[in-house]
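Reproduced below: query_16.csv, with CSV, C-alpha atoms.
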```csv
chain,number,residue,atom,x,y,z
A,1,MET,CA,88.7,111.3,56.3
A,2,SER,CA,89.6,114.9,56.4
A,3,ALA,CA,89.1,117.0,59.5
A,4,ALA,CA,88.9,120.7,59.0
A,5,VAL,CA,88.4,121.2,62.7
A,6,VAL,CA,91.1,120.2,65.2
A,7,PRO,CA,89.5,119.7,68.6
A,8,VAL,CA,90.3,121.7,71.7
A,9,PRO,CA,90.3,120.1,75.1
A,10,SER,CA,86.7,119.3,76.0
A,11,ARG,CA,87.4,118.5,79.6
A,12,LEU,CA,90.1,120.2,81.8
A,13,LEU,CA,91.4,119.0,85.1
A,14,GLY,CA,89.6,121.9,86.8
A,15,ASP,CA,86.3,120.6,85.5
A,16,VAL,CA,86.6,117.4,87.6
A,17,SER,CA,86.0,116.9,91.3
A,18,VAL,CA,86.4,113.9,93.6
A,19,GLY,CA,83.1,112.1,93.8
A,20,ASP,CA,82.1,112.9,90.3
A,21,GLU,CA,80.5,110.0,88.5
A,22,LEU,CA,81.1,109.2,84.8
A,23,PRO,CA,78.0,108.7,82.6
A,24,GLU,CA,77.3,105.0,82.5
A,25,LEU,CA,77.9,103.0,79.3
A,26,ALA,CA,75.6,100.0,78.7
A,27,VAL,CA,76.3,97.4,76.0
A,28,ASP,CA,74.3,94.3,75.1
A,29,VAL,CA,76.9,91.6,74.6
A,30,THR,CA,76.5,89.1,71.8
A,31,ALA,CA,78.6,86.3,70.6
A,32,THR,CA,79.9,88.7,67.9
A,33,THR,CA,81.0,91.1,70.6
A,34,VAL,CA,83.1,88.4,72.3
A,35,VAL,CA,84.6,87.0,69.1
A,36,LEU,CA,85.4,90.4,67.6
A,37,GLY,CA,87.1,91.4,70.8
A,38,ALA,CA,89.1,88.2,71.0
A,39,LEU,CA,90.3,88.3,67.4
A,40,ALA,CA,91.0,92.0,67.5
A,41,SER,CA,93.4,91.4,70.4
A,42,ARG,CA,94.9,88.3,68.8
A,43,ASP,CA,93.6,86.0,71.5
A,44,TRP,CA,93.0,82.7,69.6
A,45,ARG,CA,92.1,80.6,72.6
A,46,PRO,CA,88.9,78.6,71.9
A,47,MET,CA,87.0,79.7,75.1
A,48,HIS,CA,86.6,83.1,73.4
A,49,HIS,CA,85.1,81.8,70.2
A,50,ASP,CA,84.0,78.2,70.5
A,51,HIS,CA,80.8,77.6,72.4
A,52,HIS,CA,81.2,73.9,72.7
A,53,PHE,CA,84.7,74.2,74.0
A,54,ALA,CA,83.6,76.8,76.6
A,55,THR,CA,80.7,74.8,77.8
A,56,GLU,CA,81.8,71.2,77.5
A,57,ARG,CA,85.6,71.6,78.2
A,58,ASN,CA,85.6,74.6,80.5
A,59,GLY,CA,82.2,73.9,82.1
A,60,LEU,CA,81.2,77.6,81.6
A,61,ALA,CA,77.9,79.0,80.6
A,62,ASP,CA,79.2,80.2,77.2
A,63,ILE,CA,82.2,81.9,75.5
A,64,PHE,CA,83.3,85.0,77.5
A,65,LEU,CA,85.0,88.3,77.0
A,66,ASN,CA,88.8,88.1,77.1
A,67,THR,CA,90.9,90.3,79.4
A,68,PRO,CA,92.6,92.5,76.8
A,69,ASN,CA,89.3,93.2,75.2
A,70,GLN,CA,87.9,94.2,78.5
A,71,ALA,CA,90.8,96.6,78.9
A,72,ALA,CA,89.9,98.1,75.5
A,73,TRP,CA,86.3,98.5,76.6
A,74,PHE,CA,87.5,100.4,79.8
A,75,GLU,CA,89.8,102.6,77.7
A,76,ARG,CA,86.8,103.5,75.4
A,77,PHE,CA,84.6,104.2,78.4
A,78,ILE,CA,87.2,106.5,80.0
A,79,THR,CA,88.2,108.4,76.8
A,80,ASP,CA,84.5,108.9,75.9
A,81,TRP,CA,84.4,111.0,79.0
A,82,THR,CA,87.8,112.8,78.8
A,83,GLY,CA,87.7,113.5,75.0
A,84,PRO,CA,90.8,112.9,72.8
A,85,PHE,CA,93.1,115.0,75.0
A,86,GLY,CA,92.7,112.5,77.9
A,87,ARG,CA,95.8,110.2,77.9
A,88,PRO,CA,95.5,106.9,79.8
A,89,GLY,CA,98.4,106.4,82.3
A,90,ARG,CA,97.6,103.2,84.2
A,91,MET,CA,94.9,100.7,84.7
A,92,THR,CA,94.7,97.8,87.2
A,93,PHE,CA,92.1,95.1,86.7
A,94,ARG,CA,90.6,92.4,88.9
A,95,MET,CA,88.5,89.9,87.2
A,96,ARG,CA,85.7,88.5,89.4
A,97,THR,CA,83.2,86.8,87.1
A,98,SER,CA,82.9,86.4,83.4
A,99,VAL,CA,80.9,88.3,80.8
A,100,PHE,CA,78.8,86.2,78.4
A,101,PRO,CA,76.7,86.7,75.3
A,102,GLY,CA,73.2,87.8,76.4
A,103,ASP,CA,74.6,89.9,79.3
A,104,ARG,CA,74.0,93.6,79.4
A,105,MET,CA,77.3,95.0,80.6
A,106,VAL,CA,77.3,98.4,82.3
A,107,PHE,CA,80.4,100.4,82.9
A,108,GLY,CA,80.5,102.9,85.7
A,109,ALA,CA,83.1,105.0,87.4
A,110,THR,CA,83.7,107.4,90.3
A,111,VAL,CA,86.5,110.0,90.5
A,112,THR,CA,88.6,109.3,93.6
A,113,GLY,CA,91.5,111.8,93.1
A,114,VAL,CA,92.3,114.9,91.2
A,115,GLY,CA,95.7,116.6,91.2
A,116,THR,CA,99.0,117.3,89.5
A,117,ASP,CA,102.3,115.6,89.9
A,118,ALA,CA,105.8,117.1,90.3
A,119,THR,CA,106.1,117.7,86.5
A,120,GLY,CA,102.8,119.6,86.4
A,121,CYS,CA,100.9,116.8,84.7
A,122,GLY,CA,97.2,116.7,85.7
A,123,TRP,CA,95.9,113.4,86.8
A,124,VAL,CA,92.5,112.0,87.6
A,125,ASP,CA,92.1,108.7,89.5
A,126,LEU,CA,89.1,106.6,88.9
A,127,ASP,CA,87.4,103.6,90.5
A,128,LEU,CA,85.6,101.7,87.8
A,129,ALA,CA,83.4,98.6,87.6
A,130,LEU,CA,81.9,96.5,84.9
A,131,ARG,CA,78.6,95.1,86.1
A,132,VAL,CA,76.1,92.7,84.8
A,133,GLY,CA,72.8,93.2,86.6
A,134,ASP,CA,73.7,93.1,90.3
A,135,ARG,CA,76.9,91.2,89.6
A,136,VAL,CA,80.3,92.9,89.5
A,137,ALA,CA,82.2,91.2,86.7
A,138,THR,CA,85.4,93.3,86.7
A,139,THR,CA,86.8,96.1,88.9
A,140,CYS,CA,89.4,98.5,87.7
A,141,THR,CA,91.3,101.5,89.0
A,142,ALA,CA,92.8,103.9,86.5
A,143,ARG,CA,94.7,107.1,86.2
A,144,VAL,CA,94.2,109.3,83.2
A,145,ALA,CA,95.9,112.6,82.4
A,146,LEU,CA,93.8,115.6,81.5
A,147,PRO,CA,95.0,119.1,80.3
A,148,VAL,CA,95.4,121.5,83.2
A,149,ASP,CA,94.5,124.4,80.9
A,150,PRO,CA,93.5,124.9,77.2
A,151,SER,CA,97.1,125.1,76.1
A,152,ASP,CA,98.2,121.9,77.9
A,153,ASN,CA,98.3,118.5,76.2
A,154,PRO,CA,99.3,115.4,78.1
A,155,TRP,CA,100.1,113.6,74.8
A,156,ARG,CA,103.0,116.0,74.2
A,157,ARG,CA,104.7,114.8,77.4
A,158,HIS,CA,107.7,112.5,77.0
A,159,GLY,CA,110.5,111.0,79.1
A,160,ASP,CA,110.7,112.4,82.6
A,161,ARG,CA,107.7,114.6,82.0
A,162,TRP,CA,105.4,111.6,81.7
A,163,ASP,CA,105.2,109.5,84.9
A,164,PRO,CA,102.1,107.2,84.8
A,165,GLY,CA,103.6,105.0,87.5
A,166,GLY,CA,103.8,107.9,90.0
A,167,ALA,CA,101.9,108.2,93.2
A,168,ALA,CA,98.2,108.6,93.1
A,169,ALA,CA,96.9,112.1,92.4
A,170,ALA,CA,96.5,114.3,95.4
A,171,SER,CA,92.9,115.4,95.8
B,1,MET,CA,89.0,84.5,91.2
B,2,SER,CA,89.9,86.6,94.2
B,3,VAL,CA,92.6,85.3,96.4
B,4,ALA,CA,93.5,87.0,99.7
B,5,GLY,CA,97.1,88.0,100.4
B,6,ASP,CA,99.8,90.4,99.5
B,7,PRO,CA,102.8,89.9,97.3
B,8,ALA,CA,106.1,90.3,99.0
B,9,ALA,CA,108.3,93.2,98.2
B,10,GLY,CA,112.1,93.1,97.9
B,11,SER,CA,114.4,90.4,96.6
B,12,GLY,CA,116.7,87.6,97.6
B,13,ARG,CA,114.7,86.8,100.7
B,14,ASP,CA,111.0,86.7,101.0
B,15,SER,CA,109.3,88.9,103.5
B,16,ALA,CA,109.4,86.3,106.2
B,17,GLY,CA,113.2,86.2,105.9
B,18,GLU,CA,113.2,82.8,104.3
B,19,VAL,CA,116.0,82.4,101.8
B,20,LEU,CA,114.7,81.8,98.3
B,21,PRO,CA,116.1,79.1,96.1
B,22,ALA,CA,119.3,80.4,94.4
B,23,GLU,CA,117.8,80.0,90.9
B,24,VAL,CA,114.8,82.2,92.0
B,25,GLU,CA,117.1,84.7,93.6
B,26,ALA,CA,119.0,84.9,90.4
B,27,MET,CA,115.9,85.6,88.4
B,28,ILE,CA,114.7,88.6,90.5
B,29,GLY,CA,115.3,91.9,88.7
B,30,ARG,CA,116.9,90.2,85.7
B,31,PRO,CA,115.3,90.7,82.2
B,32,MET,CA,114.5,87.3,80.7
B,33,TYR,CA,112.9,85.9,77.5
B,34,GLU,CA,113.5,89.0,75.4
B,35,GLN,CA,111.6,88.8,72.2
B,36,THR,CA,111.0,91.1,69.2
B,37,ALA,CA,107.6,91.1,67.4
B,38,ASP,CA,107.1,89.2,64.2
B,39,PHE,CA,105.4,92.2,62.6
B,40,VAL,CA,105.3,95.9,62.9
B,41,VAL,CA,102.4,97.8,64.6
B,42,GLU,CA,99.7,98.3,62.0
B,43,ARG,CA,96.6,100.3,61.8
B,44,ALA,CA,94.3,97.5,60.9
B,45,TYR,CA,94.5,96.1,64.4
B,46,SER,CA,93.9,99.6,65.8
B,47,TYR,CA,90.7,99.8,63.7
B,48,ASN,CA,89.7,96.3,64.7
B,49,THR,CA,90.1,97.2,68.4
B,50,CYS,CA,88.1,100.4,68.0
B,51,ALA,CA,85.4,98.7,66.0
B,52,ALA,CA,85.1,95.8,68.5
B,53,THR,CA,84.5,98.4,71.3
B,54,GLY,CA,82.7,101.2,69.5
B,55,ASN,CA,85.6,103.5,70.3
B,56,GLY,CA,85.2,106.7,68.2
B,57,ASN,CA,88.2,108.5,69.7
B,58,PRO,CA,89.2,110.7,66.7
B,59,ILE,CA,92.9,110.3,67.4
B,60,PHE,CA,92.6,106.7,66.0
B,61,TRP,CA,90.4,107.6,63.0
B,62,ASP,CA,91.4,111.0,61.8
B,63,ASP,CA,95.0,111.8,60.9
B,64,ALA,CA,94.5,115.6,61.2
B,65,VAL,CA,93.4,115.1,64.8
B,66,ALA,CA,96.1,112.6,65.5
B,67,ASP,CA,98.7,115.0,64.2
B,68,ALA,CA,97.4,117.9,66.2
B,69,VAL,CA,96.9,116.0,69.5
B,70,CYS,CA,99.5,113.2,69.4
B,71,GLY,CA,102.1,114.5,66.9
B,72,GLY,CA,101.0,111.8,64.5
B,73,PRO,CA,99.0,108.6,64.4
B,74,VAL,CA,98.9,106.4,67.6
B,75,VAL,CA,97.2,103.1,68.4
B,76,PRO,CA,95.0,102.5,71.4
B,77,PRO,CA,97.2,102.2,74.5
B,78,THR,CA,95.4,99.0,75.6
B,79,THR,CA,96.6,97.2,72.5
B,80,LEU,CA,100.0,97.0,74.2
B,81,SER,CA,100.3,93.2,74.5
B,82,LEU,CA,98.6,92.6,71.1
B,83,TRP,CA,101.8,93.3,69.2
B,84,MET,CA,103.7,90.5,70.8
B,85,ARG,CA,101.1,87.8,70.6
B,86,PRO,CA,102.1,84.9,68.3
B,87,HIS,CA,100.3,84.1,65.1
B,88,TYR,CA,97.8,81.3,65.5
B,89,TRP,CA,99.9,79.4,63.0
B,90,GLN,CA,103.0,80.1,61.0
B,91,PRO,CA,105.4,78.0,58.9
B,92,GLY,CA,107.7,75.9,61.0
B,93,ALA,CA,106.1,76.7,64.3
B,94,ALA,CA,106.0,73.7,66.6
B,95,GLY,CA,103.8,73.4,69.7
B,96,GLU,CA,102.1,76.1,71.6
B,97,GLN,CA,104.0,79.2,72.5
B,98,VAL,CA,103.6,80.0,76.2
B,99,ALA,CA,103.1,83.6,77.2
B,100,LEU,CA,104.6,84.7,80.5
B,101,GLN,CA,107.2,81.9,80.7
B,102,VAL,CA,108.6,83.2,84.1
B,103,HIS,CA,105.2,82.4,85.7
B,104,PHE,CA,105.4,78.8,84.4
B,105,ASP,CA,109.1,78.6,85.5
B,106,LEU,CA,108.2,79.5,89.0
B,107,LYS,CA,105.4,76.9,89.2
B,108,GLU,CA,107.9,74.3,88.1
B,109,ILE,CA,110.7,75.4,90.5
B,110,PHE,CA,108.3,75.6,93.5
B,111,GLY,CA,106.4,72.4,92.5
B,112,LEU,CA,103.1,74.3,92.5
B,113,PRO,CA,100.7,72.7,90.1
B,114,GLU,CA,97.9,75.3,90.1
B,115,ALA,CA,98.0,79.0,89.5
B,116,VAL,CA,95.8,82.0,89.1
B,117,MET,CA,96.5,85.6,88.1
B,118,THR,CA,95.0,87.8,90.8
B,119,ASP,CA,95.4,91.1,89.1
B,120,ASN,CA,96.9,92.8,86.1
B,121,THR,CA,98.2,96.3,85.7
B,122,LEU,CA,98.9,98.1,82.5
B,123,GLU,CA,101.1,101.2,82.5
B,124,PHE,CA,101.4,103.3,79.3
B,125,HIS,CA,104.5,105.2,78.5
B,126,GLU,CA,105.6,106.6,75.1
B,127,PRO,CA,102.7,106.1,72.7
B,128,VAL,CA,102.8,103.2,70.3
B,129,ARG,CA,102.6,104.3,66.7
B,130,PRO,CA,101.9,102.5,63.4
B,131,GLY,CA,105.2,101.2,62.0
B,132,ASP,CA,106.8,100.6,65.4
B,133,ARG,CA,108.4,97.2,66.0
B,134,ILE,CA,107.9,96.2,69.6
B,135,SER,CA,110.0,94.0,71.8
B,136,HIS,CA,109.3,92.7,75.3
B,137,ARG,CA,111.0,91.1,78.2
B,138,GLN,CA,109.9,89.6,81.4
B,139,VAL,CA,111.3,90.6,84.8
B,140,LEU,CA,110.5,88.8,88.1
B,141,ARG,CA,110.1,91.5,90.7
B,142,SER,CA,109.2,89.6,93.9
B,143,VAL,CA,108.2,86.3,95.5
B,144,SER,CA,106.2,86.0,98.7
B,145,PRO,CA,106.7,83.5,101.5
B,146,VAL,CA,104.4,80.6,101.6
B,147,LYS,CA,100.8,81.8,102.3
B,148,THR,CA,97.7,79.8,102.8
B,149,THR,CA,94.5,81.1,101.1
B,150,LYS,CA,91.1,79.6,100.6
B,151,VAL,CA,92.2,77.9,97.4
B,152,GLY,CA,95.4,76.3,98.9
B,153,ALA,CA,98.9,77.0,100.1
B,154,GLY,CA,101.4,78.6,97.8
B,155,ARG,CA,103.3,81.8,96.9
B,156,PHE,CA,102.5,85.1,95.3
B,157,TRP,CA,104.8,86.5,92.7
B,158,VAL,CA,105.0,89.7,90.7
B,159,ILE,CA,106.2,89.7,87.1
B,160,ASP,CA,106.7,92.8,84.9
B,161,VAL,CA,106.5,92.5,81.2
B,162,GLU,CA,108.3,95.5,79.8
B,163,TYR,CA,107.6,96.7,76.3
B,164,HIS,CA,110.0,98.8,74.2
B,165,ASN,CA,109.9,100.2,70.7
B,166,GLN,CA,112.6,99.9,68.0
B,167,ASP,CA,114.5,102.9,69.5
B,168,GLY,CA,114.7,101.2,72.9
B,169,VAL,CA,112.1,103.6,74.4
B,170,LEU,CA,109.8,102.2,77.0
B,171,VAL,CA,106.3,102.1,75.7
B,172,GLY,CA,104.6,100.2,78.5
B,173,VAL,CA,104.7,97.8,81.3
B,174,GLU,CA,102.3,95.0,82.2
B,175,ARG,CA,102.5,93.9,85.8
B,176,TYR,CA,101.0,90.5,86.8
B,177,THR,CA,100.5,89.2,90.3
B,178,GLY,CA,100.3,85.4,90.2
B,179,PHE,CA,99.5,82.9,92.9
B,180,GLY,CA,101.0,79.5,92.4
B,181,TYR,CA,99.5,76.9,94.8
B,182,ARG,CA,98.7,73.4,95.7
B,183,ARG,CA,95.2,72.4,96.6
B,184,PRO,CA,94.6,71.2,100.1
B,185,GLU,CA,94.7,67.4,100.4
B,186,ALA,CA,91.4,66.1,99.1
B,187,VAL,CA,89.1,64.8,101.8
B,188,GLY,CA,86.5,62.4,100.6
B,189,GLY,CA,88.3,61.6,97.4
B,190,GLU,CA,87.6,64.6,95.2
B,191,ALA,CA,89.3,63.7,91.9
B,192,ARG,CA,91.2,66.2,89.8
```

Take the structure in the file and give it back as C-alpha cells.
Amino acid sequence: MSAAVVPVPSRLLGDVSVGDELPELAVDVTATTVVLGALASRDWRPMHHDHHFATERNGLADIFLNTPNQAAWFERFITDWTGPFGRPGRMTFRMRTSVFPGDRMVFGATVTGVGTDATGCGWVDLDLALRVGDRVATTCTARVALPVDPSDNPWRRHGDRWDPGGAAAAS
Amino acid sequence: MSVAGDPAAGSGRDSAGEVLPAEVEAMIGRPMYEQTADFVVERAYSYNTCAATGNGNPIFWDDAVADAVCGGPVVPPTTLSLWMRPHYWQPGAAGEQVALQVHFDLKEIFGLPEAVMTDNTLEFHEPVRPGDRISHRQVLRSVSPVKTTKVGAGRFWVIDVEYHNQDGVLVGVERYTGFGYRRPEAVGGEAR
C-alpha cells in the first residue's frame, strides 16, 4: 500500500460555519454489521451475536449494535467529513433505543460551534444523531479539531497544546 | 433509557450536604483497580474496526499518510476501551470479569439493586499507536444525593476510566454517568 501523494487538509476551520449540516450517511444494518462490530470491539456478550439470547432472554426484537461499535460508526461519519487531518477530541453518547438488523440507520449532524482555544487549536462542535426512520436511536455531541490553516495539523499537538476536555468552542 | 436528573459535583458531601458513607468518601478522587492490558495494541483490530464501519480514513490504511499526518501509525481513537477488554476465555481464568467495578461497588454499598448508564463520554488524548501497552484505572468523581426519577429512587455517580500508555502518558478518558436505583414498591404484585 504505497502512497505517492500525501494529502493536504481538505477542510479547514474557516470553511465551517455554525448551522452547517454534514452530508448524511445511510447504512442498511444486517446481522453481519452487528456481529462484525461487536467482535471488532471485543464485546463478546451474547445479545450482540446470538439471536435466540437477544429475543428469548432479553426480550428484544433481535441482536443489536453495541455501544463501542456505535462510537466507531460516529467516528467514521465525522472523519469522512473532516478528512484525515480532523482529529476527534471528545464524544458524548446517549443511547435511546437499539439498532437491529433490517434497520436503515442514518447519521446526521449539525455544526453548533466553531472556534479556537487558548492554544490556537481549532475546534468544531457537532450535534449528531443516529436515526432509524423517525426514531432517534442515539444522540451524540462531539468536538473535532480541524487545521486553522494549510500548515496546521491537530495531530501534531501534544501535552498542553492538546486540550480535548476544554470548554466548548466559541462560535 | 433516559433518566432525568443531574449528577452531583464535588466530593465528601453530596450536593444536598448529606455526608456520604466514609467508604464512599474515601473512594472519591482515588485511582482504583489499576490494570495493564494482556496484549499490545495491534493493527488487526484497527483494520477490523475500520472494516466493520466502512472507515476508509487513510491514516489507518496507508503508512505514508500516517507518517505525514500523525507522525506514524495510529489506531482509531474510538478503539480506546478495546485494548483493556478481557479475552473471552484464557487459561486459568475463573468466572466473568466485571468491567467498571466501581459502579458495582457503589450498587453494593448503597444497596441499590438496579442500575443504568445514562451517558458515556470519550475524551481522546495522546494517540494510541500499534505496539503500545495500555493500562487503565477507575476514579470515582462524584455521587449525588438521593433522587427520585421515573424508574425509581437512587443516586447518580460519575466514574472516570483513565487510560495511559506504557510511558505513563494519558491517551484517553471514558466518563460514565450511572444511576443506581431501587424500583418503587410493586403495586399489584408485579414480579421481578

If we count all atoms listed in the file, what is near Phe104 (chain B) at a cut-off of 10 Å, once residues fewer than 5 positions away on the same chain are taken out, given as an MDAnalysis selection string? chainID B and resid 98:99 109 112:113 115 180

Determine, for each residue of region 15-96 of chain A having at least one atom at most 8 Å from an atom of region 66-85 of chain B, the closest pair of atoms and their separation in Å to one decimal, counting all atoms listed in the file; order by chain and ascending number, as JSON lines.
```
{"residue": "A:Ser41", "atom": "CA", "partner": "B:Leu82", "partner_atom": "CA", "distance": 5.4}
{"residue": "A:Arg42", "atom": "CA", "partner": "B:Leu82", "partner_atom": "CA", "distance": 6.1}
{"residue": "A:Asp43", "atom": "CA", "partner": "B:Arg85", "partner_atom": "CA", "distance": 7.8}
{"residue": "A:Pro68", "atom": "CA", "partner": "B:Thr78", "partner_atom": "CA", "distance": 7.2}
{"residue": "A:Ala71", "atom": "CA", "partner": "B:Thr78", "partner_atom": "CA", "distance": 6.1}
{"residue": "A:Ala72", "atom": "CA", "partner": "B:Thr78", "partner_atom": "CA", "distance": 5.6}
{"residue": "A:Glu75", "atom": "CA", "partner": "B:Thr78", "partner_atom": "CA", "distance": 7.0}
{"residue": "A:Pro84", "atom": "CA", "partner": "B:Val69", "partner_atom": "CA", "distance": 7.6}
{"residue": "A:Phe85", "atom": "CA", "partner": "B:Val69", "partner_atom": "CA", "distance": 6.8}
{"residue": "A:Pro88", "atom": "CA", "partner": "B:Pro77", "partner_atom": "CA", "distance": 7.3}
```

Report, in Å to a single decimal, how far apart CA of Asn57 (chain B) and CA of Ser151 (chain A) are.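 A separation of 19.9 Å between them.
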
Counting all atoms listed in the file, select every polymer residue within 7 Å of (103.5, 89.1, 81.3) as defined in the file's coordinates, and provide the selection as a list in words. Ala99, Leu100, Gln138, Ile159, Asp160, Val161, Glu174, Arg175 and Tyr176 of chain B

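Within 10 Å of the point (109.7, 93.8, 74.1), and counting only C-alpha atoms, the protein, DNA and RNA residues are Tyr33, Glu34, Gln35, Thr36, Ala37, Ser81, Trp83, Met84, Arg133, Ile134, Ser135, His136, Arg137, Gln138, Val161, Glu162, Tyr163, His164, Asn165, Gln166, Gly168, Leu170, Val171, Gly172 and Val173 of chain B.
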
Any chance you could tabulate, as CSV, the residues of chain A at most 8 Å from chain B with each one's nearest atom pair and distance in Å to one decimal, using only C-alpha atoms, in chain and rising number order?
```
residue,atom,partner,partner_atom,distance
A:Met1,CA,B:Asp62,CA,6.1
A:Ser2,CA,B:Ala64,CA,6.9
A:Ala3,CA,B:Ala64,CA,5.8
A:Ala4,CA,B:Ala64,CA,7.9
A:Val6,CA,B:Val65,CA,5.6
A:Pro7,CA,B:Val65,CA,7.1
A:Thr33,CA,B:Ala52,CA,6.6
A:Leu36,CA,B:Ala52,CA,5.5
A:Gly37,CA,B:Ala52,CA,5.4
A:Ala40,CA,B:Asn48,CA,5.3
A:Ser41,CA,B:Leu82,CA,5.4
A:Arg42,CA,B:Leu82,CA,6.1
A:Asp43,CA,B:Arg85,CA,7.8
A:Trp44,CA,B:Tyr88,CA,6.5
A:Pro68,CA,B:Thr78,CA,7.2
A:Asn69,CA,B:Thr49,CA,7.9
A:Ala71,CA,B:Thr78,CA,6.1
A:Ala72,CA,B:Thr78,CA,5.6
A:Trp73,CA,B:Thr53,CA,5.6
A:Glu75,CA,B:Thr78,CA,7.0
A:Arg76,CA,B:Asn55,CA,5.2
A:Thr79,CA,B:Asn57,CA,7.1
A:Asp80,CA,B:Asn57,CA,7.2
A:Gly83,CA,B:Asn57,CA,7.3
A:Pro84,CA,B:Asn57,CA,6.0
A:Phe85,CA,B:Val69,CA,6.8
A:Pro88,CA,B:Phe124,CA,6.9
A:Gly89,CA,B:Phe124,CA,5.3
A:Arg90,CA,B:Glu123,CA,4.4
A:Met91,CA,B:Leu122,CA,5.3
A:Thr92,CA,B:Thr121,CA,4.1
A:Phe93,CA,B:Asn120,CA,5.4
A:Arg94,CA,B:Asp119,CA,5.0
A:Met95,CA,B:Met1,CA,6.7
A:Arg96,CA,B:Met1,CA,5.5
A:Thr97,CA,B:Met1,CA,7.5
A:Asn153,CA,B:Val69,CA,7.3
A:Trp155,CA,B:Cys70,CA,5.4
A:Arg156,CA,B:Cys70,CA,6.6
A:His158,CA,B:Glu126,CA,6.5
A:Gly159,CA,B:Glu126,CA,7.7
A:Trp162,CA,B:His125,CA,7.2
A:Asp163,CA,B:His125,CA,7.7
A:Pro164,CA,B:Glu123,CA,6.5
A:Gly165,CA,B:Glu123,CA,6.8
```

Between CA of Val99 (chain A) and CA of Leu25 (chain A), what distance in Å does the model show, to one decimal? 15.1 Å

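The smallest atom-to-atom distance between Ala129 (chain A) and any of A:Glu24, A:Asp160, A:Glu56, A:Asp117, using all atoms listed in the file, is found for A:Glu24.
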
Calculate how many Å separate CA of Arg104 (chain A) from CA of Gly59 (chain A), rounding to one decimal.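 Straight-line distance from CA of Arg104 (chain A) to CA of Gly59 (chain A) works out to 21.5 Å.
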
Write out as a ChimeraX atom specification each polymer residue whose atoms come within 10 Å of Glu23 (chain B), counting all atoms listed in the file; drop sequence neighbours fewer than 4 positions from it. /B:27-28,106,109

Give me the residues within 12 Å of Ser98 (chain A) as a PyMOL selection string, counting only C-alpha atoms and dropping any in the same chain fewer than 5 places off. (chain A and resi 29+34+47-48+54+60-67+70+103+105+130-132+135-139) or (chain B and resi 1)

Minimum-distance residue to Phe74 (chain A), chosen among A:Gly108, A:Pro101, A:Gly115, A:Pro150 (using only C-alpha atoms):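 Among the listed residues, the smallest separation from Phe74 (chain A) belongs to A:Gly108.
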
Tell me which of B:Glu25, B:Gly111, B:Leu20, B:Asp167 sits closest to Asp132 (chain B), counting only C-alpha atoms.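 Closest residue, counting only C-alpha atoms: B:Asp167.
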